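Student: Pasting in a structure now, in structure tokens, and then I'll have a few things to ask.
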Amino acid sequence: MKKDTTGFWYVVKSLLSGLRLTWSHFRKANKRRTPEYVSDANYFKQDDGLVTLKYPYEAIPVPDNGRYRLHNEIDDCIVCDLCAKICPVNCITIDSVKATEDIGTTSDGTKKRLYAPTFDIDMAKCCYCGLCTTVCPTDCLTMTPVYDFSEVDIKNMVYHFTDLSPEQAEEKKQLFAKQQEEMAAAKAAALAARKKG
Amino acid sequence: MPYLWGNKIIVMLAFLLTLGALLGVVIVLAYAERKVAAFMQDRMGPTEAGPQGSLQVMADVLKLLQKEDIIPAAADKKLFKLAPILIFAAVFAGFAVIPFAPSLVPAGIGIGVFYLLAVVSLDVVGLLMAGWGSNNKYAMLGAMRSVAQIVSYEIPAGLAILSAVMVCQSLDFQEISYQQGALMNQFPGMEYDMNWLFGIRELGINTTTIGGITTWNIFRAPILLVSFVIYFIASLAESNRAPFDIPEAESELVAGFHVEYSGFRFAVLFLAEYSMMVLVCLVAVILFLGSWNTPLPNIGPVALAYWTSGTVGELSGILWGIFWLLSKTFILLFLQLQLRWTYPRLRADQLMHLCWKVLTPVALAVVLVAGIWRMLMI
């Protein structure tokens, strides 16, 4: 049987049911959704209450394998340049200087042979593909869960990861050049001595 | 002439007090509007300015006051400048006859109801001035729609008020208020009047000293319940509230007649709009819902009505009166807000259909029945 959808009392009833609906939402306004990750058992069970997320004060957790801001742990970096080579948008700039002395090992035991006077990542160029993190042999280049890092000045989007000051970098360069010179001189001397002999 | 001067000072004081109270109520209302809207839509509303965003309205007002006063080059400058003042003055003048408590009424004139209807109608002139003065076709269209709507709905509203006036046999708001409670016999000229349950003397149940909700106009003459509904619907349309907000449908148009206004002038228009909401709710409460009378009746020795009314002419009477009047007004205002977030906007033809083909005939019939009911009461 078709429901009667005309007439005075039907209209009154439908008007009242509308008021009931808004009133029930108003009454439940003391409850709020909790910011939980989608895998949480409670995620789909919060049918009523306010849905607003007060963002800067609270945030929904991001997935563990999410791809957000890059971070380079420079102490573990062997300055192999693989990340810069695979980057499809060329956002990583690396300069390297060969070390003249033993500069230790990374946390996974790889020997470090290079200094990095420049290790810059331009986050404004970055396309968040994550290729650099997969090629990194020492796992020092990782993606963090940070996604809110907008800047007023775009220059601040370039992140500098080097642990050398410009003076230190210059000093290392000089040392390496000097060592090269000494080695060249020693080589020349050895050559001259062989010719004589 | 010291007497006259004293009188003027009292008048000024009443003016300032009413204005201050009105500003306070409007600020609460504007904040409530945003919070209620948010809660009904599962949002949070303002949260940043002050605790729970309670200072948001203050911040908005301060912003409006600081803005540049822009008058369009092509506008009729005199009309444009005068319109907001006229609109607010017309609405504010209506508050002069509102009784806030048994002994507290700014101007207790005998033809208060008539005066209120007349002075609030001036609002329409202000709307036309604003729309025409802006020299903007959208403002003009908005103003014409507003005016058409307000003028149309004044008829059912006026008829609904007329039925209440017929039952009360008075145009004095204060007299109407006294009739609706246990304090009735304390009003000069009504010492021997009596209230009967549902206004039917034949039932033989005298409610004069019972008071409370049993003597409210909607119980004193239950037909006034219908007039109350008609008046409430018409008052929504008169104050351009949803679901009758076609003239300034926020989600579809920019603003209606006040599209060219900004800064202080806009603030005045905004104030007038919210004052109008408060005024129509006050009138509904006074005429139909027992005015400043308590809803609690005297039950035998438990004199709830007397306990919650205070003494006429003393501070307790004034405070109880204001408390009950404002509580009922705020309930109606809340209902106005809830309606806004519940019902979809009417189309222009539906609006006029409702007014002329539904409300006006029903209101006419109610006037007739109210006249007959009055005969049962004596």
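Chain labels A, B, ... are given in the sequence in which chains occur in the structure tokens; within each chain residues are numbered consecutively from 1, and ligands are likewise numbered from 1 in the order shown.
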If the cut-off is 12 Å, can you tell me the residues of chain A near chain B, counting only C-alpha atoms? I'd like them as a PyMOL selection string.

Tutor: chain A and resi 8+14-33+47-54+56-57

Student: With N, CA and C atoms retained, export the selected residues as a tab-separated table (two decimals), in the first residue's frame.

Tutor:
chain	number	residue	atom	x	y	z
A	8	PHE	N	-2.64	17.54	6.03
A	8	PHE	CA	-2.13	18.40	7.10
A	8	PHE	C	-1.29	17.64	8.10
A	14	SER	N	6.02	15.36	9.47
A	14	SER	CA	7.34	15.44	8.83
A	14	SER	C	8.10	16.65	9.34
A	15	LEU	N	7.39	17.76	9.61
A	15	LEU	CA	8.08	18.93	10.17
A	15	LEU	C	8.65	18.59	11.53
A	16	LEU	N	7.86	17.88	12.35
A	16	LEU	CA	8.34	17.54	13.68
A	16	LEU	C	9.51	16.58	13.62
A	17	SER	N	9.47	15.63	12.65
A	17	SER	CA	10.59	14.69	12.59
A	17	SER	C	11.87	15.42	12.18
A	18	GLY	N	11.73	16.48	11.36
A	18	GLY	CA	12.90	17.30	11.03
A	18	GLY	C	13.48	17.95	12.27
A	19	LEU	N	12.60	18.53	13.09
A	19	LEU	CA	13.08	19.17	14.32
A	19	LEU	C	13.73	18.14	15.25
A	20	ARG	N	13.15	16.93	15.28
A	20	ARG	CA	13.73	15.89	16.14
A	20	ARG	C	15.15	15.56	15.70
A	21	LEU	N	15.34	15.51	14.41
A	21	LEU	CA	16.68	15.17	13.89
A	21	LEU	C	17.71	16.20	14.31
A	22	THR	N	17.44	17.50	14.07
A	22	THR	CA	18.43	18.53	14.45
A	22	THR	C	18.61	18.54	15.96
A	23	TRP	N	17.51	18.31	16.69
A	23	TRP	CA	17.62	18.33	18.15
A	23	TRP	C	18.50	17.19	18.64
A	24	SER	N	18.37	16.01	18.01
A	24	SER	CA	19.19	14.89	18.47
A	24	SER	C	20.66	15.17	18.21
A	25	HIS	N	20.97	15.84	17.09
A	25	HIS	CA	22.37	16.19	16.84
A	25	HIS	C	22.85	17.22	17.86
A	26	PHE	N	21.97	18.20	18.17
A	26	PHE	CA	22.33	19.23	19.14
A	26	PHE	C	22.62	18.59	20.50
A	27	ARG	N	21.80	17.60	20.87
A	27	ARG	CA	21.97	16.97	22.18
A	27	ARG	C	23.28	16.19	22.27
A	28	LYS	N	23.71	15.62	21.14
A	28	LYS	CA	24.93	14.81	21.18
A	28	LYS	C	26.18	15.64	20.97
A	29	ALA	N	26.04	16.97	20.99
A	29	ALA	CA	27.19	17.83	20.69
A	29	ALA	C	28.23	17.81	21.81
A	30	ASN	N	27.91	17.16	22.94
A	30	ASN	CA	28.94	17.10	23.98
A	30	ASN	C	29.95	16.00	23.70
A	31	LYS	N	29.62	15.13	22.73
A	31	LYS	CA	30.58	14.07	22.36
A	31	LYS	C	31.43	14.55	21.20
A	32	ARG	N	32.64	14.01	21.09
A	32	ARG	CA	33.50	14.36	19.96
A	32	ARG	C	34.17	13.12	19.42
A	33	ARG	N	34.42	13.12	18.12
A	33	ARG	CA	35.23	12.05	17.51
A	33	ARG	C	36.63	12.13	18.05
A	47	ASP	N	29.54	7.06	15.64
A	47	ASP	CA	28.49	7.55	14.75
A	47	ASP	C	28.03	8.95	15.11
A	48	ASP	N	28.01	9.29	16.41
A	48	ASP	CA	27.51	10.63	16.73
A	48	ASP	C	28.55	11.48	17.45
A	49	GLY	N	28.21	12.73	17.58
A	49	GLY	CA	29.13	13.69	18.16
A	49	GLY	C	29.76	14.54	17.09
A	50	LEU	N	30.52	15.55	17.53
A	50	LEU	CA	31.12	16.50	16.59
A	50	LEU	C	32.25	15.83	15.83
A	51	VAL	N	32.34	16.12	14.55
A	51	VAL	CA	33.36	15.46	13.73
A	51	VAL	C	34.58	16.35	13.51
A	52	THR	N	34.51	17.60	13.92
A	52	THR	CA	35.61	18.53	13.65
A	52	THR	C	36.91	18.06	14.31
A	53	LEU	N	38.00	18.16	13.58
A	53	LEU	CA	39.32	17.87	14.12
A	53	LEU	C	40.00	19.22	14.33
A	54	LYS	N	40.41	19.53	15.58
A	54	LYS	CA	41.04	20.84	15.82
A	54	LYS	C	42.49	20.72	15.38
A	56	PRO	N	45.60	22.07	14.33
A	56	PRO	CA	46.97	22.26	14.85
A	56	PRO	C	47.14	21.66	16.24
A	57	TYR	N	46.03	21.51	16.97
A	57	TYR	CA	46.12	20.98	18.33
A	57	TYR	C	46.07	19.47	18.34

Student: Do you know which residues are at most 10 Å from Ile378 in chain B counting only C-alpha atoms, after dropping those on the same chain fewer than 4 positions away, and could you put them as a PDB file with C-alpha atoms, in the first residue's frame?

Tutor:
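As written to disk, part_18.pdb reads:
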ATOM      1  CA  ASP B 193     -11.770  40.162  37.039  1.00  0.00           C
ATOM      2  CA  MET B 194     -11.602  36.391  36.992  1.00  0.00           C
ATOM      3  CA  ASN B 195      -9.897  33.706  34.895  1.00  0.00           C
ATOM      4  CA  TRP B 196     -11.669  30.445  34.114  1.00  0.00           C
ATOM      5  CA  GLY B 199     -11.748  30.540  29.361  1.00  0.00           C
ATOM      6  CA  ILE B 200     -15.022  28.666  29.671  1.00  0.00           C
ATOM      7  CA  ARG B 201     -17.020  30.023  32.593  1.00  0.00           C
ATOM      8  CA  GLU B 202     -19.511  27.135  32.363  1.00  0.00           C
ATOM      9  CA  TRP B 373     -14.573  32.420  22.880  1.00  0.00           C
ATOM     10  CA  ARG B 374     -14.475  35.818  24.497  1.00  0.00           C
TER      11      ARG B 374
END

Student: Looking only at the backbone, which of the residues in range 141-182 of chain A does DSSP tag as strand (DSSP E), as an NGL selection string?

Tutor: :A and (141-143 or 158-160)

Student: Measure the distance from CA of Ala267 in chain B to CA of Leu65 in chain B in Å and round it to one decimal.

Tutor: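 The value is 7.6 Å.
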
Student: When DSSP is applied to the backbone of this structure, which of range 1-183 of chain A are assigned helix (DSSP H, G or I)? Write them out as a short mmCIF file (atom, residue, chain, number, x, y, z; two decimals) with N, CA and C atoms, in the first residue's frame.

Tutor:
data_model
loop_
_atom_site.label_atom_id
_atom_site.label_comp_id
_atom_site.auth_asym_id
_atom_site.auth_seq_id
_atom_site.Cartn_x
_atom_site.Cartn_y
_atom_site.Cartn_z
N PHE A 8 -2.64 17.54 6.03
CA PHE A 8 -2.13 18.40 7.10
C PHE A 8 -1.29 17.64 8.10
N TRP A 9 -1.83 16.52 8.61
CA TRP A 9 -1.12 15.83 9.69
C TRP A 9 0.16 15.19 9.23
N TYR A 10 0.17 14.74 7.95
CA TYR A 10 1.44 14.19 7.44
C TYR A 10 2.51 15.27 7.43
N VAL A 11 2.13 16.48 6.99
CA VAL A 11 3.10 17.58 6.94
C VAL A 11 3.58 17.94 8.34
N VAL A 12 2.62 18.00 9.29
CA VAL A 12 3.02 18.32 10.67
C VAL A 12 3.99 17.28 11.19
N LYS A 13 3.69 15.99 10.90
CA LYS A 13 4.56 14.93 11.37
C LYS A 13 5.96 15.05 10.77
N SER A 14 6.02 15.36 9.47
CA SER A 14 7.34 15.44 8.83
C SER A 14 8.10 16.65 9.34
N LEU A 15 7.39 17.76 9.61
CA LEU A 15 8.08 18.93 10.17
C LEU A 15 8.65 18.59 11.53
N LEU A 16 7.86 17.88 12.35
CA LEU A 16 8.34 17.54 13.68
C LEU A 16 9.51 16.58 13.62
N SER A 17 9.47 15.63 12.65
CA SER A 17 10.59 14.69 12.59
C SER A 17 11.87 15.42 12.18
N GLY A 18 11.73 16.48 11.36
CA GLY A 18 12.90 17.30 11.03
C GLY A 18 13.48 17.95 12.27
N LEU A 19 12.60 18.53 13.09
CA LEU A 19 13.08 19.17 14.32
C LEU A 19 13.73 18.14 15.25
N ARG A 20 13.15 16.93 15.28
CA ARG A 20 13.73 15.89 16.14
C ARG A 20 15.15 15.56 15.70
N LEU A 21 15.34 15.51 14.41
CA LEU A 21 16.68 15.17 13.89
C LEU A 21 17.71 16.20 14.31
N THR A 22 17.44 17.50 14.07
CA THR A 22 18.43 18.53 14.45
C THR A 22 18.61 18.54 15.96
N TRP A 23 17.51 18.31 16.69
CA TRP A 23 17.62 18.33 18.15
C TRP A 23 18.50 17.19 18.64
N SER A 24 18.37 16.01 18.01
CA SER A 24 19.19 14.89 18.47
C SER A 24 20.66 15.17 18.21
N HIS A 25 20.97 15.84 17.09
CA HIS A 25 22.37 16.19 16.84
C HIS A 25 22.85 17.22 17.86
N PHE A 26 21.97 18.20 18.17
CA PHE A 26 22.33 19.23 19.14
C PHE A 26 22.62 18.59 20.50
N ARG A 27 21.80 17.60 20.87
CA ARG A 27 21.97 16.97 22.18
C ARG A 27 23.28 16.19 22.27
N LYS A 28 23.71 15.62 21.14
CA LYS A 28 24.93 14.81 21.18
C LYS A 28 26.18 15.64 20.97
N ALA A 29 26.04 16.97 20.99
CA ALA A 29 27.19 17.83 20.69
C ALA A 29 28.23 17.81 21.81
N ASN A 30 27.91 17.16 22.94
CA ASN A 30 28.94 17.10 23.98
C ASN A 30 29.95 16.00 23.70
N TYR A 43 37.42 3.20 15.10
CA TYR A 43 37.35 4.20 14.02
C TYR A 43 35.97 4.29 13.39
N PHE A 44 35.36 3.16 13.09
CA PHE A 44 34.06 3.18 12.40
C PHE A 44 32.89 3.11 13.37
N LYS A 45 33.18 3.20 14.66
CA LYS A 45 32.10 3.05 15.63
C LYS A 45 31.65 4.37 16.22
N ILE A 74 73.06 12.50 8.98
CA ILE A 74 74.34 12.72 8.28
C ILE A 74 75.47 11.88 8.88
N ASP A 75 75.36 11.51 10.18
CA ASP A 75 76.41 10.69 10.80
C ASP A 75 76.49 9.32 10.16
N ASP A 76 75.36 8.85 9.60
CA ASP A 76 75.33 7.52 9.00
C ASP A 76 75.51 7.58 7.48
N LEU A 82 74.05 8.17 -4.41
CA LEU A 82 73.05 7.36 -5.11
C LEU A 82 71.68 8.06 -5.11
N CYS A 83 71.36 8.66 -3.97
CA CYS A 83 70.05 9.31 -3.85
C CYS A 83 69.94 10.44 -4.87
N ALA A 84 71.00 11.25 -4.98
CA ALA A 84 70.96 12.37 -5.92
C ALA A 84 70.82 11.88 -7.34
N LYS A 85 71.45 10.70 -7.63
CA LYS A 85 71.40 10.18 -9.00
C LYS A 85 70.02 9.65 -9.36
N ILE A 86 69.33 9.00 -8.39
CA ILE A 86 68.03 8.39 -8.73
C ILE A 86 66.90 9.39 -8.68
N LEU A 131 62.09 7.16 -3.83
CA LEU A 131 63.13 6.34 -4.48
C LEU A 131 64.46 6.47 -3.75
N CYS A 132 64.82 7.69 -3.32
CA CYS A 132 66.10 7.94 -2.65
C CYS A 132 66.24 7.07 -1.40
N THR A 133 65.10 6.88 -0.67
CA THR A 133 65.20 6.09 0.56
C THR A 133 65.42 4.62 0.25
N THR A 134 64.92 4.15 -0.91
CA THR A 134 65.11 2.73 -1.23
C THR A 134 66.53 2.44 -1.70
N VAL A 135 67.17 3.42 -2.36
CA VAL A 135 68.52 3.13 -2.83
C VAL A 135 69.57 3.38 -1.76
N ILE A 154 60.35 30.76 0.30
CA ILE A 154 60.59 29.47 -0.35
C ILE A 154 62.03 28.99 -0.16
N LYS A 155 62.95 29.94 0.13
CA LYS A 155 64.35 29.54 0.36
C LYS A 155 64.46 28.60 1.56
N ASN A 156 63.52 28.78 2.51
CA ASN A 156 63.57 27.93 3.70
C ASN A 156 63.11 26.51 3.43
N MET A 157 62.61 26.26 2.21
CA MET A 157 62.21 24.90 1.87
C MET A 157 63.43 24.04 1.54
N PRO A 166 81.20 26.07 6.58
CA PRO A 166 81.95 26.38 5.37
C PRO A 166 83.46 26.41 5.59
N GLU A 167 83.88 26.91 6.78
CA GLU A 167 85.32 26.98 7.07
C GLU A 167 85.91 25.58 7.18
N GLN A 168 85.16 24.73 7.93
CA GLN A 168 85.63 23.35 8.08
C GLN A 168 85.72 22.67 6.72
N ALA A 169 84.71 22.92 5.89
CA ALA A 169 84.70 22.31 4.56
C ALA A 169 85.93 22.76 3.77
N GLU A 170 86.23 24.08 3.87
CA GLU A 170 87.39 24.63 3.16
C GLU A 170 88.68 23.97 3.66
N GLU A 171 88.72 23.79 4.99
CA GLU A 171 89.90 23.19 5.61
C GLU A 171 90.10 21.75 5.10
N LYS A 172 89.00 20.99 5.05
CA LYS A 172 89.09 19.62 4.58
C LYS A 172 89.57 19.59 3.13
N LYS A 173 89.06 20.54 2.34
CA LYS A 173 89.47 20.61 0.93
C LYS A 173 90.97 20.86 0.83
N GLN A 174 91.45 21.84 1.66
CA GLN A 174 92.87 22.16 1.66
C GLN A 174 93.69 20.94 2.04
N LEU A 175 93.23 20.27 3.10
CA LEU A 175 93.96 19.10 3.58
C LEU A 175 94.09 18.06 2.48
N PHE A 176 92.96 17.84 1.78
CA PHE A 176 92.96 16.84 0.72
C PHE A 176 93.90 17.27 -0.41
N ALA A 177 93.84 18.59 -0.76
CA ALA A 177 94.69 19.09 -1.83
C ALA A 177 96.17 18.94 -1.44
N LYS A 178 96.45 19.23 -0.16
CA LYS A 178 97.81 19.13 0.32
C LYS A 178 98.30 17.69 0.25
N GLN A 179 97.42 16.78 0.69
CA GLN A 179 97.78 15.36 0.65
C GLN A 179 98.05 14.91 -0.78
N GLN A 180 97.19 15.40 -1.69
CA GLN A 180 97.36 15.06 -3.09
C GLN A 180 98.71 15.56 -3.59
N GLU A 181 99.00 16.83 -3.18
CA GLU A 181 100.28 17.44 -3.59
C GLU A 181 101.46 16.62 -3.07
N GLU A 182 101.34 16.29 -1.76
CA GLU A 182 102.42 15.52 -1.13
C GLU A 182 102.61 14.19 -1.84
N MET A 183 101.44 13.55 -2.14
CA MET A 183 101.51 12.25 -2.81
C MET A 183 102.14 12.42 -4.20
#

Student: Which distance in Å separates CA of Ile10 in chain B and CA of Val105 in chain B, to one decimal?

Tutor: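 Going from CA of Ile10 in chain B over to CA of Val105 in chain B covers 12.3 Å.
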
Student: If we count only C-alpha atoms and set the cut-off at 10 Å, which residues sit around range 260-262 of chain B, ignoring sequence neighbours fewer than 6 positions away in its own chain? Please answer as an mmCIF file with N, CA and C atoms, in the first residue's frame.

Tutor:
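Saved as result_25.cif:
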data_model
loop_
_atom_site.group_PDB
_atom_site.id
_atom_site.type_symbol
_atom_site.label_atom_id
_atom_site.label_comp_id
_atom_site.auth_asym_id
_atom_site.auth_seq_id
_atom_site.Cartn_x
_atom_site.Cartn_y
_atom_site.Cartn_z
ATOM 1 N N LEU B 64 34.194 45.106 12.395
ATOM 2 C CA LEU B 64 33.268 45.921 11.597
ATOM 3 C C LEU B 64 33.463 47.411 11.887
ATOM 4 N N LEU B 65 33.696 47.742 13.178
ATOM 5 C CA LEU B 65 33.829 49.156 13.526
ATOM 6 C C LEU B 65 35.098 49.758 12.944
ATOM 7 N N LYS B 67 36.373 49.000 10.046
ATOM 8 C CA LYS B 67 36.449 48.984 8.586
ATOM 9 C C LYS B 67 36.157 50.340 7.975
ATOM 10 N N GLU B 68 36.609 50.508 6.751
ATOM 11 C CA GLU B 68 36.389 51.762 6.058
ATOM 12 C C GLU B 68 34.898 51.929 5.777
ATOM 13 N N ASP B 69 34.435 53.177 5.897
ATOM 14 C CA ASP B 69 33.027 53.470 5.637
ATOM 15 C C ASP B 69 32.882 53.772 4.153
ATOM 16 N N ILE B 70 32.439 52.769 3.390
ATOM 17 C CA ILE B 70 32.384 52.932 1.936
ATOM 18 C C ILE B 70 30.972 53.330 1.527
ATOM 19 N N ILE B 71 30.874 54.431 0.785
ATOM 20 C CA ILE B 71 29.590 54.823 0.200
ATOM 21 C C ILE B 71 29.793 54.819 -1.310
ATOM 22 N N PRO B 72 29.046 53.945 -2.028
ATOM 23 C CA PRO B 72 29.272 53.838 -3.474
ATOM 24 C C PRO B 72 29.098 55.198 -4.160
ATOM 25 N N ALA B 75 25.679 55.965 -5.419
ATOM 26 C CA ALA B 75 24.557 55.815 -4.495
ATOM 27 C C ALA B 75 23.895 57.156 -4.223
ATOM 28 N N PHE B 80 21.173 56.482 1.464
ATOM 29 C CA PHE B 80 22.083 55.401 1.825
ATOM 30 C C PHE B 80 22.533 55.543 3.278
ATOM 31 N N LYS B 81 22.833 56.794 3.675
ATOM 32 C CA LYS B 81 23.328 57.013 5.036
ATOM 33 C C LYS B 81 22.206 56.902 6.060
ATOM 34 N N PRO B 84 20.169 52.764 7.435
ATOM 35 C CA PRO B 84 20.430 51.882 8.580
ATOM 36 C C PRO B 84 19.913 52.468 9.880
ATOM 37 N N ALA B 130 17.287 51.708 1.758
ATOM 38 C CA ALA B 130 18.599 51.065 1.623
ATOM 39 C C ALA B 130 18.751 50.464 0.230
ATOM 40 N N GLY B 131 17.711 49.777 -0.221
ATOM 41 C CA GLY B 131 17.798 49.116 -1.528
ATOM 42 C C GLY B 131 17.870 50.115 -2.664
ATOM 43 N N GLY B 133 18.630 53.421 -2.409
ATOM 44 C CA GLY B 133 19.773 54.320 -2.237
ATOM 45 C C GLY B 133 21.081 53.708 -2.692
ATOM 46 N N SER B 134 21.180 52.357 -2.617
ATOM 47 C CA SER B 134 22.434 51.718 -3.018
ATOM 48 C C SER B 134 22.689 51.856 -4.509
ATOM 49 N N ASN B 135 21.627 52.097 -5.280
ATOM 50 C CA ASN B 135 21.736 52.193 -6.736
ATOM 51 C C ASN B 135 22.394 50.947 -7.318
ATOM 52 N N ASN B 136 21.928 49.799 -6.847
ATOM 53 C CA ASN B 136 22.481 48.526 -7.281
ATOM 54 C C ASN B 136 21.286 47.619 -7.528
ATOM 55 N N TYR B 138 20.838 44.470 -7.588
ATOM 56 C CA TYR B 138 20.623 43.340 -6.685
ATOM 57 C C TYR B 138 20.074 43.816 -5.346
ATOM 58 N N ALA B 139 20.630 44.954 -4.882
ATOM 59 C CA ALA B 139 20.122 45.508 -3.628
ATOM 60 C C ALA B 139 18.659 45.896 -3.790
ATOM 61 N N VAL B 254 24.274 37.177 -2.491
ATOM 62 C CA VAL B 254 25.306 37.788 -1.653
ATOM 63 C C VAL B 254 24.681 38.272 -0.365
ATOM 64 N N VAL B 268 25.081 48.140 12.055
ATOM 65 C CA VAL B 268 23.783 48.636 12.511
ATOM 66 C C VAL B 268 22.659 47.798 11.895
ATOM 67 N N LEU B 269 22.796 47.477 10.598
ATOM 68 C CA LEU B 269 21.767 46.655 9.938
ATOM 69 C C LEU B 269 21.685 45.272 10.585
#

Student: I want to know what sits within 12 Å of Met129 in chain B, based on only C-alpha atoms, with residues of the same chain fewer than 3 positions away left out; could you give that as a PDB file with C-alpha atoms, in the first residue's frame?

Tutor:
ATOM      1  CA  ALA B  75      24.557  55.815  -4.495  1.00  0.00           C
ATOM      2  CA  ASP B  76      21.944  58.285  -3.333  1.00  0.00           C
ATOM      3  CA  LYS B  77      24.094  59.368  -0.428  1.00  0.00           C
ATOM      4  CA  LYS B  78      21.407  60.818   1.806  1.00  0.00           C
ATOM      5  CA  LEU B  79      19.131  57.769   1.580  1.00  0.00           C
ATOM      6  CA  PHE B  80      22.083  55.401   1.825  1.00  0.00           C
ATOM      7  CA  LYS B  81      23.328  57.013   5.036  1.00  0.00           C
ATOM      8  CA  LEU B  82      19.918  57.402   6.632  1.00  0.00           C
ATOM      9  CA  ALA B  83      18.547  53.922   5.925  1.00  0.00           C
ATOM     10  CA  PRO B  84      20.430  51.882   8.580  1.00  0.00           C
ATOM     11  CA  ILE B  85      19.601  54.442  11.247  1.00  0.00           C
ATOM     12  CA  LEU B  86      15.931  54.403  10.298  1.00  0.00           C
ATOM     13  CA  ILE B  87      15.777  50.612  10.203  1.00  0.00           C
ATOM     14  CA  LEU B 122       8.436  51.796   9.406  1.00  0.00           C
ATOM     15  CA  ASP B 123      11.197  49.221   9.014  1.00  0.00           C
ATOM     16  CA  VAL B 124       9.860  48.607   5.500  1.00  0.00           C
ATOM     17  CA  VAL B 125      10.536  52.223   4.500  1.00  0.00           C
ATOM     18  CA  GLY B 126      14.097  51.865   5.708  1.00  0.00           C
ATOM     19  CA  TRP B 132      17.000  52.131  -3.674  1.00  0.00           C
ATOM     20  CA  GLY B 133      19.773  54.320  -2.237  1.00  0.00           C
ATOM     21  CA  SER B 134      22.434  51.718  -3.018  1.00  0.00           C
ATOM     22  CA  ASN B 135      21.736  52.193  -6.736  1.00  0.00           C
ATOM     23  CA  ASN B 136      22.481  48.526  -7.281  1.00  0.00           C
ATOM     24  CA  ALA B 139      20.122  45.508  -3.628  1.00  0.00           C
ATOM     25  CA  MET B 140      16.970  46.898  -5.216  1.00  0.00           C
ATOM     26  CA  GLY B 142      16.498  42.245  -2.493  1.00  0.00           C
ATOM     27  CA  ALA B 143      14.767  45.217  -0.935  1.00  0.00           C
ATOM     28  CA  MET B 144      11.647  44.689  -3.042  1.00  0.00           C
ATOM     29  CA  VAL B 147       9.312  44.520   1.517  1.00  0.00           C
ATOM     30  CA  PHE B 257      19.195  44.813   0.273  1.00  0.00           C
ATOM     31  CA  HIS B 258      22.370  45.454   2.310  1.00  0.00           C
TER      32      HIS B 258
END

Student: Quick check, in Å to one decimal: how far apart do CA of Ser54 in chain B and CA of Ala272 in chain B lie?

Tutor: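 Between CA of Ser54 in chain B and CA of Ala272 in chain B the gap is 21.2 Å.
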
Student: Compile the contact shell of range 223-229 of chain B as a PyMOL selection string: residues with an atom at most 9 Å away, counting only C-alpha atoms, same-chain residues fewer than 3 positions apart removed.

Tutor: chain B and resi 156-157+159-161+163-164+167+217-220+232-234+284+287-289+362-363+366-367+369-370+373

Student: Hey, what's within 12 Å of Phe95 in chain B if we count only C-alpha atoms and toss same-chain stuff fewer than 2 positions away? As a PyMOL selection string, please?

Tutor: chain B and resi 14-15+17-19+21-22+88-93+97-100+105-108+112-113+115-117+119-120+173+272+275-283

Student: Can you write out the residues you just picked, keeping C-alpha atoms, as a compact mmCIF listing (two decimals), in the first residue's frame?

Tutor:
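New file again02.txt:
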# COMPACT_ATOMS: atom_id res chain seq x y z
CA ALA B 14 15.56 53.91 30.42
CA PHE B 15 16.72 54.45 26.84
CA LEU B 17 19.40 50.64 29.84
CA THR B 18 17.17 49.19 27.13
CA LEU B 19 19.82 49.78 24.49
CA ALA B 21 20.29 45.18 27.48
CA LEU B 22 19.39 44.80 23.82
CA PHE B 88 17.34 50.26 13.63
CA ALA B 89 15.35 53.15 15.10
CA ALA B 90 12.08 51.58 13.88
CA VAL B 91 12.89 48.24 15.51
CA PHE B 92 14.30 49.80 18.66
CA ALA B 93 11.28 52.07 19.08
CA VAL B 97 6.24 49.46 25.02
CA ILE B 98 7.55 46.05 26.08
CA PRO B 99 6.83 45.34 29.75
CA PHE B 100 9.88 43.64 31.25
CA VAL B 105 7.82 49.14 31.33
CA PRO B 106 9.64 51.94 29.48
CA ALA B 107 6.42 53.46 28.16
CA GLY B 108 3.18 51.99 29.49
CA GLY B 112 0.95 49.67 23.02
CA VAL B 113 0.04 46.85 20.63
CA TYR B 115 1.91 51.47 18.41
CA LEU B 116 4.24 48.49 18.13
CA LEU B 117 2.67 47.22 14.91
CA VAL B 119 6.30 51.65 14.38
CA VAL B 120 7.80 48.32 13.36
CA PHE B 173 0.86 45.15 26.85
CA ALA B 272 18.54 45.72 13.63
CA SER B 275 16.84 43.07 17.44
CA MET B 276 13.87 42.32 15.23
CA MET B 277 14.21 38.62 16.09
CA VAL B 278 14.27 39.45 19.78
CA LEU B 279 11.34 41.84 19.45
CA VAL B 280 9.03 39.41 17.63
CA CYS B 281 9.83 36.71 20.18
CA LEU B 282 9.14 39.12 23.06
CA VAL B 283 5.79 40.02 21.51
